[in-house]
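Text of the file coords_12.pdb, holding PDB, C-alpha atoms:
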ATOM      1  CA  MET A  22      -9.320  -7.045 -26.116  1.00  0.00           C
ATOM      2  CA  PRO A  23      -7.054 -10.120 -25.989  1.00  0.00           C
ATOM      3  CA  GLN A  24      -5.577 -11.047 -22.643  1.00  0.00           C
ATOM      4  CA  GLN A  25      -1.845 -11.422 -22.182  1.00  0.00           C
ATOM      5  CA  LEU A  26      -0.761 -14.846 -20.980  1.00  0.00           C
ATOM      6  CA  GLU A  27       0.654 -14.893 -17.473  1.00  0.00           C
ATOM      7  CA  PHE A  28       3.300 -17.467 -16.696  1.00  0.00           C
ATOM      8  CA  PHE A  29       3.928 -16.510 -13.092  1.00  0.00           C
ATOM      9  CA  GLU A  30       1.530 -16.053 -10.225  1.00  0.00           C
ATOM     10  CA  ILE A  31       1.227 -12.546  -8.792  1.00  0.00           C
ATOM     11  CA  PRO A  32       2.624 -12.807  -5.244  1.00  0.00           C
ATOM     12  CA  SER A  33       0.864 -11.369  -2.231  1.00  0.00           C
ATOM     13  CA  PRO A  34       2.257  -7.994  -1.106  1.00  0.00           C
ATOM     14  CA  CYS A  35       2.113  -9.113   2.538  1.00  0.00           C
ATOM     15  CA  ARG A  36       5.233  -8.146   4.501  1.00  0.00           C
ATOM     16  CA  GLY A  37       4.291  -9.868   7.731  1.00  0.00           C
ATOM     17  CA  ILE A  38       3.400  -6.608   9.515  1.00  0.00           C
ATOM     18  CA  CYS A  39      -0.269  -7.349  10.047  1.00  0.00           C
ATOM     19  CA  GLN A  40      -1.533  -4.312  11.947  1.00  0.00           C
ATOM     20  CA  ALA A  41      -4.397  -2.103  10.853  1.00  0.00           C
ATOM     21  CA  ASP A  42      -4.104   1.663  11.064  1.00  0.00           C
ATOM     22  CA  ALA A  43      -6.942   4.005  12.067  1.00  0.00           C
ATOM     23  CA  ARG A  44      -8.395   3.922   8.538  1.00  0.00           C
ATOM     24  CA  GLY A  45      -8.372   0.110   8.340  1.00  0.00           C
ATOM     25  CA  PHE A  46      -5.375  -0.316   6.030  1.00  0.00           C
ATOM     26  CA  CYS A  47      -2.636  -2.799   6.885  1.00  0.00           C
ATOM     27  CA  ARG A  48       0.544  -0.968   7.922  1.00  0.00           C
ATOM     28  CA  GLY A  49       2.711  -3.462   6.054  1.00  0.00           C
ATOM     29  CA  CYS A  50       1.049  -3.846   2.660  1.00  0.00           C
ATOM     30  CA  MET A  51      -1.551  -1.020   2.653  1.00  0.00           C
ATOM     31  CA  ARG A  52      -4.445  -3.342   1.729  1.00  0.00           C
ATOM     32  CA  ASN A  53      -7.856  -3.054   3.340  1.00  0.00           C
ATOM     33  CA  ARG A  54      -9.613  -5.973   5.016  1.00  0.00           C
ATOM     34  CA  GLU A  55     -11.521  -7.132   1.923  1.00  0.00           C
ATOM     35  CA  GLU A  56      -8.388  -6.983  -0.221  1.00  0.00           C
ATOM     36  CA  ARG A  57      -6.398  -9.037   2.293  1.00  0.00           C
ATOM     37  CA  PHE A  58      -9.001 -11.748   2.841  1.00  0.00           C
ATOM     38  CA  GLY A  59     -10.073 -11.997  -0.792  1.00  0.00           C
ATOM     39  CA  TRP A  60      -6.577 -12.096  -2.342  1.00  0.00           C
ATOM     40  CA  MET A  61      -6.615 -15.806  -3.205  1.00  0.00           C
ATOM     41  CA  LYS A  62     -10.012 -15.515  -4.957  1.00  0.00           C
ATOM     42  CA  MET A  63      -9.054 -12.479  -7.080  1.00  0.00           C
ATOM     43  CA  SER A  64      -8.197 -12.627 -10.756  1.00  0.00           C
ATOM     44  CA  ASP A  65      -4.787 -11.392 -11.904  1.00  0.00           C
ATOM     45  CA  THR A  66      -6.377  -8.162 -13.151  1.00  0.00           C
ATOM     46  CA  GLU A  67      -7.967  -7.533  -9.755  1.00  0.00           C
ATOM     47  CA  LYS A  68      -4.652  -8.269  -8.013  1.00  0.00           C
ATOM     48  CA  ARG A  69      -2.877  -5.743 -10.242  1.00  0.00           C
ATOM     49  CA  ASP A  70      -5.528  -3.146  -9.391  1.00  0.00           C
ATOM     50  CA  VAL A  71      -5.045  -3.815  -5.681  1.00  0.00           C
ATOM     51  CA  LEU A  72      -1.256  -3.496  -6.032  1.00  0.00           C
ATOM     52  CA  ARG A  73      -1.711  -0.180  -7.862  1.00  0.00           C
ATOM     53  CA  LEU A  74      -3.993   1.074  -5.078  1.00  0.00           C
ATOM     54  CA  CYS A  75      -1.492  -0.058  -2.446  1.00  0.00           C
ATOM     55  CA  ARG A  76       1.285   1.922  -4.164  1.00  0.00           C
ATOM     56  CA  LEU A  77      -0.921   5.020  -4.258  1.00  0.00           C
ATOM     57  CA  ARG A  78      -1.854   4.619  -0.592  1.00  0.00           C
ATOM     58  CA  PHE A  79       1.792   4.167   0.374  1.00  0.00           C
ATOM     59  CA  MET A  80       2.837   7.275  -1.569  1.00  0.00           C
ATOM     60  CA  ARG A  81       0.041   9.296   0.045  1.00  0.00           C
ATOM     61  CA  TYR A  82       0.991   7.981   3.499  1.00  0.00           C
ATOM     62  CA  SER A  83       4.703   8.735   2.933  1.00  0.00           C
ATOM     63  CA  LYS A  84       3.933  12.234   1.707  1.00  0.00           C
ATOM     64  CA  GLN A  85       1.758  12.925   4.722  1.00  0.00           C
ATOM     65  CA  ALA A  86       4.343  11.522   7.152  1.00  0.00           C
ATOM     66  CA  LYS A  87       7.072  13.649   5.564  1.00  0.00           C
ATOM     67  CA  SER A  88       5.009  16.825   5.872  1.00  0.00           C
ATOM     68  CA  ASP A  89       4.239  15.973   9.515  1.00  0.00           C
ATOM     69  CA  ASP A  90       7.973  15.535  10.197  1.00  0.00           C
ATOM     70  CA  ASP A  91       8.785  18.855   8.529  1.00  0.00           C
ATOM     71  CA  GLU A  92       6.308  20.668  10.738  1.00  0.00           C
ATOM     72  CA  THR A  93       7.487  19.116  14.002  1.00  0.00           C
ATOM     73  CA  PHE A  94      11.237  19.487  13.447  1.00  0.00           C
ATOM     74  CA  GLN A  95      12.460  22.951  12.660  1.00  0.00           C
ATOM     75  CA  GLN A  96      16.164  23.535  13.115  1.00  0.00           C
ATOM     76  CA  PRO A  97      16.832  27.009  14.407  1.00  0.00           C
ATOM     77  CA  SER A  98      18.778  29.339  12.185  1.00  0.00           C
ATOM     78  CA  LEU A  99      22.424  29.863  13.100  1.00  0.00           C
ATOM     79  CA  PHE A 100      22.430  33.384  11.689  1.00  0.00           C
TER      80      PHE A 100
END

This structure in C-alpha cells:
Amino acid sequence: MPQQLEFFEIPSPCRGICQADARGFCRGCMRNREERFGWMKMSDTEKRDVLRLCRLRFMRYSKQAKSDDDETFQQPSLF
C-alpha cells in the first residue's frame, strides 16, 4: 500500500499538565509513560495510533467522570 506524503510534522499532544493518574496515564494528554518518552522516535503512523488511543482514553475518562457526577449530585424533586 503506498504511503501518503506528509508535509507537516505531527505535533506532540502534550498540554503541559504532566501528572500521572492512578493507571499511569498523563492527566493532560492521556499518554502512558512509554508513549510520552518514545514520542520523538516514533514514526508518523505510530504517532497517529497514539493520538487515536489518547482520544479513546479521554472519551472513556470523560464518560466515567460524567457518570460519577450524576451519581453524586441528585437534585431533589420540587413536586

Determine the residue membership of the PyMOL selection byres ((chain A and resi 57) around 10) for the file above and supply it as a PyMOL selection string. chain A and resi 33-35+46-47+50-56+58-61+71

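Straight-line separation from atom CA of Lys68 of chain A to atom CA of Phe29 of chain A: 12.9 Å.
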
Between atom CA of Arg73 of chain A and atom CA of Ile31 of chain A - distance in Å to one decimal: 12.7 Å

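Take atom CA of Ile38 of chain A and atom CA of Gln85 of chain A: the distance between them is 20.2 Å.
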
Given the file shown, determine the residues that the PyMOL selection byres ((chain A and resi 80-83) around 12) selects; report them as a count of residues only. 22
